[in-house]
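Undergrad: Below is the file data.tsv, which contains TSV, N, CA and C atoms and all ligand atoms.
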chain	number	residue	atom	x	y	z
Y	233	MET	N	-7.65	-10.98	52.51
Y	233	MET	CA	-8.98	-11.57	52.65
Y	233	MET	C	-9.94	-10.99	51.60
Y	234	GLY	N	-10.79	-11.79	51.06
Y	234	GLY	CA	-11.68	-11.32	49.99
Y	234	GLY	C	-12.98	-10.78	50.54
Y	235	GLU	N	-13.42	-9.69	49.96
Y	235	GLU	CA	-14.69	-9.10	50.37
Y	235	GLU	C	-15.60	-8.92	49.17
Y	236	TYR	N	-16.89	-9.07	49.39
Y	236	TYR	CA	-17.88	-8.69	48.39
Y	236	TYR	C	-17.93	-7.17	48.36
Y	237	THR	N	-17.76	-6.62	47.19
Y	237	THR	CA	-17.60	-5.18	47.06
Y	237	THR	C	-18.61	-4.64	46.06
Y	238	THR	N	-19.20	-3.51	46.41
Y	238	THR	CA	-20.13	-2.84	45.50
Y	238	THR	C	-19.66	-1.41	45.30
Y	239	PHE	N	-19.67	-0.95	44.07
Y	239	PHE	CA	-19.32	0.44	43.75
Y	239	PHE	C	-20.59	1.19	43.39
Y	240	GLU	N	-20.70	2.39	43.95
Y	240	GLU	CA	-21.87	3.23	43.69
Y	240	GLU	C	-21.40	4.64	43.39
Y	241	CYS	N	-21.93	5.22	42.31
Y	241	CYS	CA	-21.54	6.58	41.94
Y	241	CYS	C	-22.50	7.57	42.61
Y	242	ARG	N	-21.93	8.51	43.33
Y	242	ARG	CA	-22.77	9.53	43.96
Y	242	ARG	C	-23.28	10.53	42.93
Y	243	ALA	N	-22.56	10.68	41.83
Y	243	ALA	CA	-22.92	11.70	40.84
Y	243	ALA	C	-24.09	11.26	39.96
Y	244	CYS	N	-24.02	10.04	39.39
Y	244	CYS	CA	-25.05	9.63	38.42
Y	244	CYS	C	-25.90	8.48	38.92
Y	245	GLY	N	-25.54	7.89	40.04
Y	245	GLY	CA	-26.36	6.81	40.58
Y	245	GLY	C	-26.02	5.43	40.04
Y	246	TYR	N	-25.01	5.35	39.18
Y	246	TYR	CA	-24.60	4.03	38.68
Y	246	TYR	C	-24.21	3.13	39.83
Y	247	LYS	N	-24.71	1.91	39.78
Y	247	LYS	CA	-24.37	0.94	40.80
Y	247	LYS	C	-23.87	-0.32	40.11
Y	248	ALA	N	-22.64	-0.68	40.42
Y	248	ALA	CA	-22.07	-1.87	39.79
Y	248	ALA	C	-22.63	-3.12	40.45
Y	249	GLU	N	-22.60	-4.21	39.71
Y	249	GLU	CA	-22.95	-5.48	40.31
Y	249	GLU	C	-21.92	-5.83	41.38
Y	250	ARG	N	-22.36	-6.57	42.36
Y	250	ARG	CA	-21.46	-6.96	43.43
Y	250	ARG	C	-20.32	-7.79	42.87
Y	251	VAL	N	-19.11	-7.42	43.20
Y	251	VAL	CA	-17.95	-8.16	42.72
Y	251	VAL	C	-17.16	-8.71	43.91
Y	252	ARG	N	-16.46	-9.79	43.65
Y	252	ARG	CA	-15.56	-10.33	44.67
Y	252	ARG	C	-14.20	-9.69	44.48
Y	253	TRP	N	-13.57	-9.35	45.57
Y	253	TRP	CA	-12.28	-8.67	45.49
Y	253	TRP	C	-11.34	-9.31	46.50
Y	254	GLY	N	-10.22	-9.80	46.01
Y	254	GLY	CA	-9.20	-10.35	46.89
Y	254	GLY	C	-9.08	-11.85	46.78
Y	255	VAL	N	-8.69	-12.44	47.87
Y	255	VAL	CA	-8.43	-13.87	47.91
Y	255	VAL	C	-9.47	-14.53	48.81
Y	256	SER	N	-10.00	-15.63	48.36
Y	256	SER	CA	-11.06	-16.31	49.09
Y	256	SER	C	-10.63	-16.71	50.50
Y	257	VAL	N	-11.55	-16.53	51.43
Y	257	VAL	CA	-11.31	-16.95	52.81
Y	257	VAL	C	-11.22	-18.47	52.88
Y	258	ASN	N	-12.05	-19.13	52.08
Y	258	ASN	CA	-12.17	-20.58	52.16
Y	258	ASN	C	-11.13	-21.30	51.32
Y	259	ASP	N	-10.74	-20.69	50.23
Y	259	ASP	CA	-9.80	-21.32	49.32
Y	259	ASP	C	-8.83	-20.27	48.81
Y	260	PRO	N	-7.62	-20.23	49.39
Y	260	PRO	CA	-6.67	-19.18	49.02
Y	260	PRO	C	-6.20	-19.23	47.58
Y	261	ARG	N	-6.56	-20.29	46.85
Y	261	ARG	CA	-6.20	-20.32	45.42
Y	261	ARG	C	-7.15	-19.45	44.60
Y	262	GLN	N	-8.33	-19.17	45.16
Y	262	GLN	CA	-9.32	-18.38	44.42
Y	262	GLN	C	-9.03	-16.89	44.57
Y	263	ARG	N	-8.89	-16.22	43.45
Y	263	ARG	CA	-8.62	-14.79	43.46
Y	263	ARG	C	-9.54	-14.09	42.48
Y	264	CYS	N	-10.04	-12.92	42.88
Y	264	CYS	CA	-10.85	-12.11	41.98
Y	264	CYS	C	-10.47	-10.65	42.13
Y	265	MET	N	-10.66	-9.90	41.05
Y	265	MET	CA	-10.38	-8.47	41.07
Y	265	MET	C	-11.46	-7.74	40.28
Y	266	PRO	N	-11.81	-6.54	40.71
Y	266	PRO	CA	-12.72	-5.75	39.88
Y	266	PRO	C	-11.95	-5.04	38.77
Y	267	ALA	N	-12.59	-4.87	37.64
Y	267	ALA	CA	-11.96	-4.19	36.50
Y	267	ALA	C	-13.01	-3.39	35.75
Y	268	TYR	N	-12.55	-2.33	35.07
Y	268	TYR	CA	-13.42	-1.51	34.23
Y	268	TYR	C	-13.44	-2.06	32.83
Y	269	CYS	N	-14.60	-2.02	32.20
Y	269	CYS	CA	-14.66	-2.07	30.75
Y	269	CYS	C	-15.00	-0.67	30.27
Y	270	VAL	N	-14.09	-0.07	29.52
Y	270	VAL	CA	-14.30	1.29	29.03
Y	270	VAL	C	-15.42	1.32	28.01
Y	271	GLU	N	-15.47	0.29	27.15
Y	271	GLU	CA	-16.49	0.24	26.10
Y	271	GLU	C	-17.90	0.11	26.66
Y	272	CYS	N	-18.06	-0.81	27.59
Y	272	CYS	CA	-19.39	-1.05	28.16
Y	272	CYS	C	-19.73	-0.05	29.25
Y	273	GLY	N	-18.72	0.61	29.82
Y	273	GLY	CA	-18.97	1.54	30.91
Y	273	GLY	C	-19.43	0.85	32.17
Y	274	THR	N	-18.83	-0.30	32.45
Y	274	THR	CA	-19.22	-1.05	33.63
Y	274	THR	C	-18.00	-1.50	34.42
Y	275	ILE	N	-18.25	-1.80	35.67
Y	275	ILE	CA	-17.25	-2.47	36.50
Y	275	ILE	C	-17.68	-3.92	36.60
Y	276	ARG	N	-16.75	-4.81	36.35
Y	276	ARG	CA	-17.09	-6.23	36.41
Y	276	ARG	C	-16.00	-7.01	37.13
Y	277	GLU	N	-16.40	-8.20	37.54
Y	277	GLU	CA	-15.47	-9.05	38.28
Y	277	GLU	C	-14.64	-9.88	37.31
Y	278	VAL	N	-13.35	-9.98	37.57
Y	278	VAL	CA	-12.49	-10.87	36.80
Y	278	VAL	C	-12.01	-11.97	37.74
Y	279	ASP	N	-12.26	-13.19	37.34
Y	279	ASP	CA	-11.84	-14.33	38.14
Y	279	ASP	C	-10.42	-14.71	37.74
Y	280	LEU	N	-9.49	-14.52	38.66
Y	280	LEU	CA	-8.09	-14.79	38.36
Y	280	LEU	C	-7.65	-16.16	38.85
Y	281	THR	N	-8.59	-16.94	39.32
Y	281	THR	CA	-8.26	-18.27	39.82
Y	281	THR	C	-7.62	-19.10	38.72
Y	282	GLY	N	-6.44	-19.57	39.00
Y	282	GLY	CA	-5.76	-20.42	38.02
Y	282	GLY	C	-5.22	-19.66	36.82
Y	283	ALA	N	-5.31	-18.33	36.86
Y	283	ALA	CA	-4.82	-17.55	35.72
Y	283	ALA	C	-3.30	-17.57	35.70
Y	284	ASP	N	-2.77	-17.59	34.51
Y	284	ASP	CA	-1.33	-17.54	34.33
Y	284	ASP	C	-0.83	-16.18	34.77
Y	285	LEU	N	0.14	-16.17	35.68
Y	285	LEU	CA	0.62	-14.89	36.20
Y	285	LEU	C	1.31	-14.05	35.13
Y	286	MET	N	1.74	-14.71	34.06
Y	286	MET	CA	2.38	-13.97	32.98
Y	286	MET	C	1.34	-13.24	32.12
Y	287	VAL	N	0.11	-13.66	32.24
Y	287	VAL	CA	-0.94	-13.02	31.45
Y	287	VAL	C	-1.61	-11.98	32.33
Y	288	ASP	N	-1.48	-10.72	31.95
Y	288	ASP	CA	-2.15	-9.71	32.76
Y	288	ASP	C	-3.15	-8.92	31.93
Y	289	GLU	N	-3.53	-9.48	30.80
Y	289	GLU	CA	-4.55	-8.84	29.99
Y	289	GLU	C	-5.79	-9.72	29.96
Y	290	PHE	N	-6.91	-9.12	30.27
Y	290	PHE	CA	-8.17	-9.83	30.24
Y	290	PHE	C	-9.16	-9.04	29.41
Y	291	ASP	N	-9.96	-9.75	28.63
Y	291	ASP	CA	-10.91	-9.09	27.76
Y	291	ASP	C	-12.32	-9.19	28.32
Y	292	CYS	N	-13.10	-8.18	28.02
Y	292	CYS	CA	-14.50	-8.15	28.43
Y	292	CYS	C	-15.26	-9.24	27.70
Y	293	PRO	N	-15.98	-10.09	28.42
Y	293	PRO	CA	-16.74	-11.15	27.74
Y	293	PRO	C	-17.89	-10.61	26.89
Y	294	ASP	N	-18.31	-9.38	27.12
Y	294	ASP	CA	-19.42	-8.82	26.34
Y	294	ASP	C	-18.95	-8.18	25.04
Y	295	CYS	N	-17.92	-7.35	25.12
Y	295	CYS	CA	-17.53	-6.59	23.93
Y	295	CYS	C	-16.12	-6.93	23.44
Y	296	GLY	N	-15.35	-7.68	24.23
Y	296	GLY	CA	-14.04	-8.11	23.79
Y	296	GLY	C	-12.92	-7.10	23.94
Y	297	SER	N	-13.22	-5.93	24.48
Y	297	SER	CA	-12.15	-4.95	24.66
Y	297	SER	C	-11.41	-5.22	25.98
Y	298	GLN	N	-10.24	-4.62	26.10
Y	298	GLN	CA	-9.40	-4.93	27.26
Y	298	GLN	C	-9.97	-4.33	28.54
Y	299	LEU	N	-9.88	-5.10	29.60
Y	299	LEU	CA	-10.33	-4.62	30.92
Y	299	LEU	C	-9.17	-3.99	31.66
Y	300	PHE	N	-9.49	-3.01	32.48
Y	300	PHE	CA	-8.47	-2.34	33.30
Y	300	PHE	C	-8.78	-2.59	34.77
Y	301	PHE	N	-7.82	-3.18	35.45
Y	301	PHE	CA	-8.04	-3.52	36.85
Y	301	PHE	C	-8.10	-2.28	37.73
Y	302	LEU	N	-8.96	-2.35	38.72
Y	302	LEU	CA	-9.03	-1.29	39.72
Y	302	LEU	C	-8.01	-1.58	40.81
Y	303	GLU	N	-7.23	-0.59	41.13
Y	303	GLU	CA	-6.33	-0.71	42.26
Y	303	GLU	C	-7.04	-0.09	43.46
Y	304	LYS	N	-6.61	-0.50	44.63
Y	304	LYS	CA	-7.14	0.15	45.83
Y	304	LYS	C	-6.69	1.61	45.79
Y	305	ALA	N	-7.65	2.50	45.88
Y	305	ALA	CA	-7.35	3.92	45.72
Y	305	ALA	C	-8.28	4.74	46.59
Y	306	ALA	N	-7.93	5.99	46.76
Y	306	ALA	CA	-8.74	6.88	47.59
Y	306	ALA	C	-10.06	7.18	46.90
Y	307	SER	N	-10.04	7.33	45.57
Y	307	SER	CA	-11.28	7.59	44.86
Y	307	SER	C	-11.30	6.78	43.59
Y	308	TYR	N	-12.49	6.42	43.15
Y	308	TYR	CA	-12.65	5.61	41.96
Y	308	TYR	C	-13.42	6.40	40.92
Y	309	THR	N	-13.06	6.18	39.68
Y	309	THR	CA	-13.72	6.89	38.59
Y	309	THR	C	-14.94	6.10	38.13
Y	310	CYS	N	-16.05	6.79	38.01
Y	310	CYS	CA	-17.27	6.15	37.54
Y	310	CYS	C	-17.12	5.80	36.06
Y	311	PRO	N	-17.41	4.55	35.67
Y	311	PRO	CA	-17.27	4.17	34.26
Y	311	PRO	C	-18.36	4.80	33.39
Y	312	LYS	N	-19.44	5.29	33.99
Y	312	LYS	CA	-20.53	5.89	33.21
Y	312	LYS	C	-20.30	7.38	33.00
Y	313	CYS	N	-20.11	8.12	34.10
Y	313	CYS	CA	-20.08	9.58	33.98
Y	313	CYS	C	-18.70	10.17	34.26
Y	314	LYS	N	-17.74	9.31	34.59
Y	314	LYS	CA	-16.34	9.71	34.82
Y	314	LYS	C	-16.13	10.59	36.06
Y	315	ALA	N	-17.13	10.70	36.90
Y	315	ALA	CA	-16.95	11.45	38.15
Y	315	ALA	C	-16.03	10.67	39.09
Y	316	HIS	N	-15.19	11.39	39.81
Y	316	HIS	CA	-14.31	10.73	40.78
Y	316	HIS	C	-15.01	10.70	42.12
Y	317	ASP	N	-16.18	10.13	42.13
Y	317	ASP	CA	-16.99	10.20	43.33
Y	317	ASP	C	-17.76	8.90	43.51
Y	318	MET	N	-17.03	7.80	43.48
Y	318	MET	CA	-17.68	6.52	43.68
Y	318	MET	C	-17.49	6.04	45.11
Y	319	ARG	N	-18.59	5.57	45.63
Y	319	ARG	CA	-18.56	5.03	46.97
Y	319	ARG	C	-18.24	3.53	46.88
Y	320	LEU	N	-17.38	3.09	47.77
Y	320	LEU	CA	-17.00	1.69	47.83
Y	320	LEU	C	-17.66	1.08	49.06
Y	321	ILE	N	-18.46	0.08	48.82
Y	321	ILE	CA	-19.15	-0.59	49.93
Y	321	ILE	C	-18.62	-2.01	50.02
Y	322	GLN	N	-18.03	-2.34	51.15
Y	322	GLN	CA	-17.51	-3.69	51.32
Y	322	GLN	C	-18.36	-4.46	52.30
Y	323	GLY	N	-18.76	-5.63	51.88
Y	323	GLY	CA	-19.65	-6.43	52.69
Y	323	GLY	C	-18.99	-7.66	53.27
Y	324	ASP	N	-19.66	-8.78	53.10
Y	324	ASP	CA	-19.19	-10.01	53.71
Y	324	ASP	C	-17.90	-10.50	53.07
Y	325	TYR	N	-17.23	-11.36	53.77
Y	325	TYR	CA	-16.10	-12.07	53.20
Y	325	TYR	C	-16.63	-13.22	52.35
Y	326	TRP	N	-15.84	-13.63	51.39
Y	326	TRP	CA	-16.26	-14.74	50.54
Y	326	TRP	C	-15.17	-15.80	50.54
Y	401	ZN	ZN	-21.33	8.22	37.65
Y	402	ZN	ZN	-17.21	-4.58	27.54
Let me see the structure of the file written as structure tokens.
TA:
Amino acid sequence: MGEYTTFECRACGYKAERVRWGVSVNDPRQRCMPAYCVECGTIREVDLTGADLMVDEFDCPDCGSQLFFLEKAASYTCPKCKAHDMRLIQGDYW
């Protein structure tokens, strides 16, 4: 099930924009995942709806560098300050 997810760094206060994570409740074809852009130092949403499963590389629309998907993990690395102290806030289903 997909949830609206927000990442917040306890160390530097960075707060990512709300991203969709998982598979849509309303339309199981819709899939989204959060990913890091190392260059921009941000977490952003990648829309995987209709994406070719053979393609697992996605580029940042702002700077064009490769995005790295976030896996579900015990701790997340802040893209700004690199602290392993990000809070994961999950909200409504989408
Ligand atoms: Zn931080
Ligand atoms: Zn970027």
Undergrad: Can you work out which one of Y:Val255, Y:Met318, Y:Cys272, Y:Ala248 has the shortest atom-to-atom distance to ligand ZN 401 (chain Y), counting only C-alpha atoms and all ligand atoms?
TA: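 Ranking Y:Val255, Y:Met318, Y:Cys272, Y:Ala248 by distance to ligand ZN 401 (chain Y), first place goes to Y:Met318.
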Undergrad: Using only C-alpha atoms and all ligand atoms, which protein or nucleic acid residues are at most 10 Å from ligand ZN 402 (chain Y), as a PyMOL selection string?
TA: chain Y and resi 268-276+291-299
Undergrad: By how many Å are atom ZN of ligand ZN 401 (chain Y) and CA of Asp288 in chain Y apart?
TA: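 For atom ZN of ligand ZN 401 (chain Y) relative to CA of Asp288 in chain Y, the distance reads 26.7 Å.
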Undergrad: Which is closer to Arg261 in chain Y than all the others in Y:Gln322, Y:Thr237, Y:Thr309, Y:Thr281, using all atoms listed in the file?
TA: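 Among the listed residues, the smallest separation from Arg261 in chain Y belongs to Y:Thr281.
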Undergrad: Rank Y:Gly282, Y:Gly254, Y:Gly234, Y:Pro311 by their smallest atom-to-atom distance to ligand ZN 401 (chain Y), using only C-alpha atoms and all ligand atoms, and report the top residue only.
TA: Y:Pro311
Undergrad: Once you count only C-alpha atoms and all ligand atoms, what closest atom pair and distance in Å to one decimal does each residue of chain Y within 8 Å of ligand ZN 401 (chain Y) have, with rows by chain and rising residue number, as a tab-separated table?
TA:
residue	atom	partner	partner_atom	distance
Y:Glu240	CA	Y:ZN401	ZN	7.9
Y:Cys241	CA	Y:ZN401	ZN	4.6
Y:Arg242	CA	Y:ZN401	ZN	6.6
Y:Ala243	CA	Y:ZN401	ZN	5.0
Y:Cys244	CA	Y:ZN401	ZN	4.1
Y:Gly245	CA	Y:ZN401	ZN	6.0
Y:Tyr246	CA	Y:ZN401	ZN	5.4
Y:Thr309	CA	Y:ZN401	ZN	7.8
Y:Cys310	CA	Y:ZN401	ZN	4.6
Y:Pro311	CA	Y:ZN401	ZN	6.7
Y:Lys312	CA	Y:ZN401	ZN	5.1
Y:Cys313	CA	Y:ZN401	ZN	4.1
Y:Lys314	CA	Y:ZN401	ZN	5.9
Y:Ala315	CA	Y:ZN401	ZN	5.5
Y:Asp317	CA	Y:ZN401	ZN	7.4
Y:Met318	CA	Y:ZN401	ZN	7.3
Undergrad: Every residue with an atom at most 8 Å from (-8.8, -2.0, 42.9) (file coordinates; all atoms listed in the file) is what I'm after, so could you write them as a CSV table (one decimal) with N, CA and C atoms, in the coordinates of the input?
TA:
chain,number,residue,atom,x,y,z
Y,253,TRP,N,-13.6,-9.4,45.6
Y,253,TRP,CA,-12.3,-8.7,45.5
Y,253,TRP,C,-11.3,-9.3,46.5
Y,265,MET,N,-10.7,-9.9,41.0
Y,265,MET,CA,-10.4,-8.5,41.1
Y,265,MET,C,-11.5,-7.7,40.3
Y,266,PRO,N,-11.8,-6.5,40.7
Y,266,PRO,CA,-12.7,-5.8,39.9
Y,266,PRO,C,-12.0,-5.0,38.8
Y,267,ALA,N,-12.6,-4.9,37.6
Y,267,ALA,CA,-12.0,-4.2,36.5
Y,267,ALA,C,-13.0,-3.4,35.8
Y,301,PHE,N,-7.8,-3.2,35.4
Y,301,PHE,CA,-8.0,-3.5,36.8
Y,301,PHE,C,-8.1,-2.3,37.7
Y,302,LEU,N,-9.0,-2.4,38.7
Y,302,LEU,CA,-9.0,-1.3,39.7
Y,302,LEU,C,-8.0,-1.6,40.8
Y,303,GLU,N,-7.2,-0.6,41.1
Y,303,GLU,CA,-6.3,-0.7,42.3
Y,303,GLU,C,-7.0,-0.1,43.5
Y,304,LYS,N,-6.6,-0.5,44.6
Y,304,LYS,CA,-7.1,0.2,45.8
Y,304,LYS,C,-6.7,1.6,45.8
Y,305,ALA,N,-7.6,2.5,45.9
Y,305,ALA,CA,-7.4,3.9,45.7
Y,305,ALA,C,-8.3,4.7,46.6
Undergrad: I need the residue nearest Phe300 in chain Y from this list: Y:Asp259, Y:Glu277, Y:Glu235, Y:Glu249. Use only C-alpha atoms for the distance.
TA: Y:Glu277
Undergrad: From chain Y, collect each residue whose DSSP state is strand (DSSP E or B) and return the set as a PyMOL selection string.
TA: chain Y and resi 235-241+247+251-255+263-269+274-279+291+298-301+318-325
Undergrad: Restricting the calculation to only N, CA and C atoms, which member of Y:Val251, Y:Met233, Y:Leu320, Y:Val257 is positioned closest to Val278 in chain Y?
TA: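 Between Y:Val251, Y:Met233, Y:Leu320, Y:Val257, the residue approaching Val278 in chain Y most closely is Y:Val251.
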Undergrad: Could you work out how far atom N of Tyr325 in chain Y lies from atom N of Asn258 in chain Y, giving the answer in Å with one decimal?
TA: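 Atom N of Tyr325 in chain Y lies at a distance of 9.5 Å from atom N of Asn258 in chain Y.
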Undergrad: Would you compute the distance between CA of His316 in chain Y and CA of Ser256 in chain Y? Give it in Å to one decimal.
TA: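 Pair CA of His316 in chain Y / CA of Ser256 in chain Y returns 28.5 Å.
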Undergrad: Would you kindly place N, CA, C and O atoms on range 278-295 of chain Y and return the model as a PDB file, keeping the file's coordinate frame?
TA:
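Wrote part.pdb, looks like this:
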ATOM      1  N   VAL Y 278     -13.350  -9.980  37.570  1.00  0.00           N
ATOM      2  CA  VAL Y 278     -12.490 -10.870  36.800  1.00  0.00           C
ATOM      3  C   VAL Y 278     -12.010 -11.970  37.740  1.00  0.00           C
ATOM      4  O   VAL Y 278     -11.442 -11.688  38.793  1.00  0.00           O
ATOM      5  N   ASP Y 279     -12.260 -13.190  37.340  1.00  0.00           N
ATOM      6  CA  ASP Y 279     -11.840 -14.330  38.140  1.00  0.00           C
ATOM      7  C   ASP Y 279     -10.420 -14.710  37.740  1.00  0.00           C
ATOM      8  O   ASP Y 279     -10.181 -15.137  36.617  1.00  0.00           O
ATOM      9  N   LEU Y 280      -9.490 -14.520  38.660  1.00  0.00           N
ATOM     10  CA  LEU Y 280      -8.090 -14.790  38.360  1.00  0.00           C
ATOM     11  C   LEU Y 280      -7.650 -16.160  38.850  1.00  0.00           C
ATOM     12  O   LEU Y 280      -6.467 -16.489  38.817  1.00  0.00           O
ATOM     13  N   THR Y 281      -8.590 -16.940  39.320  1.00  0.00           N
ATOM     14  CA  THR Y 281      -8.260 -18.270  39.820  1.00  0.00           C
ATOM     15  C   THR Y 281      -7.620 -19.100  38.720  1.00  0.00           C
ATOM     16  O   THR Y 281      -8.180 -19.241  37.648  1.00  0.00           O
ATOM     17  N   GLY Y 282      -6.440 -19.570  39.000  1.00  0.00           N
ATOM     18  CA  GLY Y 282      -5.760 -20.420  38.020  1.00  0.00           C
ATOM     19  C   GLY Y 282      -5.220 -19.660  36.820  1.00  0.00           C
ATOM     20  O   GLY Y 282      -4.730 -20.263  35.877  1.00  0.00           O
ATOM     21  N   ALA Y 283      -5.310 -18.330  36.860  1.00  0.00           N
ATOM     22  CA  ALA Y 283      -4.820 -17.550  35.720  1.00  0.00           C
ATOM     23  C   ALA Y 283      -3.300 -17.570  35.700  1.00  0.00           C
ATOM     24  O   ALA Y 283      -2.652 -17.564  36.743  1.00  0.00           O
ATOM     25  N   ASP Y 284      -2.770 -17.590  34.510  1.00  0.00           N
ATOM     26  CA  ASP Y 284      -1.330 -17.540  34.330  1.00  0.00           C
ATOM     27  C   ASP Y 284      -0.830 -16.180  34.770  1.00  0.00           C
ATOM     28  O   ASP Y 284      -1.319 -15.152  34.317  1.00  0.00           O
ATOM     29  N   LEU Y 285       0.140 -16.170  35.680  1.00  0.00           N
ATOM     30  CA  LEU Y 285       0.620 -14.890  36.200  1.00  0.00           C
ATOM     31  C   LEU Y 285       1.310 -14.050  35.130  1.00  0.00           C
ATOM     32  O   LEU Y 285       1.453 -12.846  35.278  1.00  0.00           O
ATOM     33  N   MET Y 286       1.740 -14.710  34.060  1.00  0.00           N
ATOM     34  CA  MET Y 286       2.380 -13.970  32.980  1.00  0.00           C
ATOM     35  C   MET Y 286       1.340 -13.240  32.120  1.00  0.00           C
ATOM     36  O   MET Y 286       1.675 -12.332  31.377  1.00  0.00           O
ATOM     37  N   VAL Y 287       0.110 -13.660  32.240  1.00  0.00           N
ATOM     38  CA  VAL Y 287      -0.940 -13.020  31.450  1.00  0.00           C
ATOM     39  C   VAL Y 287      -1.610 -11.980  32.330  1.00  0.00           C
ATOM     40  O   VAL Y 287      -2.213 -12.309  33.348  1.00  0.00           O
ATOM     41  N   ASP Y 288      -1.480 -10.720  31.950  1.00  0.00           N
ATOM     42  CA  ASP Y 288      -2.150  -9.710  32.760  1.00  0.00           C
ATOM     43  C   ASP Y 288      -3.150  -8.920  31.930  1.00  0.00           C
ATOM     44  O   ASP Y 288      -3.585  -7.846  32.317  1.00  0.00           O
ATOM     45  N   GLU Y 289      -3.530  -9.480  30.800  1.00  0.00           N
ATOM     46  CA  GLU Y 289      -4.550  -8.840  29.990  1.00  0.00           C
ATOM     47  C   GLU Y 289      -5.790  -9.720  29.960  1.00  0.00           C
ATOM     48  O   GLU Y 289      -5.704 -10.906  29.650  1.00  0.00           O
ATOM     49  N   PHE Y 290      -6.910  -9.120  30.270  1.00  0.00           N
ATOM     50  CA  PHE Y 290      -8.170  -9.830  30.240  1.00  0.00           C
ATOM     51  C   PHE Y 290      -9.160  -9.040  29.410  1.00  0.00           C
ATOM     52  O   PHE Y 290      -9.195  -7.809  29.484  1.00  0.00           O
ATOM     53  N   ASP Y 291      -9.960  -9.750  28.630  1.00  0.00           N
ATOM     54  CA  ASP Y 291     -10.910  -9.090  27.760  1.00  0.00           C
ATOM     55  C   ASP Y 291     -12.320  -9.190  28.320  1.00  0.00           C
ATOM     56  O   ASP Y 291     -12.675 -10.161  28.976  1.00  0.00           O
ATOM     57  N   CYS Y 292     -13.100  -8.180  28.020  1.00  0.00           N
ATOM     58  CA  CYS Y 292     -14.500  -8.150  28.430  1.00  0.00           C
ATOM     59  C   CYS Y 292     -15.260  -9.240  27.700  1.00  0.00           C
ATOM     60  O   CYS Y 292     -15.177  -9.344  26.473  1.00  0.00           O
ATOM     61  N   PRO Y 293     -15.980 -10.090  28.420  1.00  0.00           N
ATOM     62  CA  PRO Y 293     -16.740 -11.150  27.740  1.00  0.00           C
ATOM     63  C   PRO Y 293     -17.890 -10.610  26.890  1.00  0.00           C
ATOM     64  O   PRO Y 293     -18.388 -11.321  26.018  1.00  0.00           O
ATOM     65  N   ASP Y 294     -18.310  -9.380  27.120  1.00  0.00           N
ATOM     66  CA  ASP Y 294     -19.420  -8.820  26.340  1.00  0.00           C
ATOM     67  C   ASP Y 294     -18.950  -8.180  25.040  1.00  0.00           C
ATOM     68  O   ASP Y 294     -19.519  -8.405  23.984  1.00  0.00           O
ATOM     69  N   CYS Y 295     -17.920  -7.350  25.120  1.00  0.00           N
ATOM     70  CA  CYS Y 295     -17.530  -6.590  23.930  1.00  0.00           C
ATOM     71  C   CYS Y 295     -16.120  -6.930  23.440  1.00  0.00           C
ATOM     72  O   CYS Y 295     -15.719  -6.495  22.366  1.00  0.00           O
TER      73      CYS Y 295
END
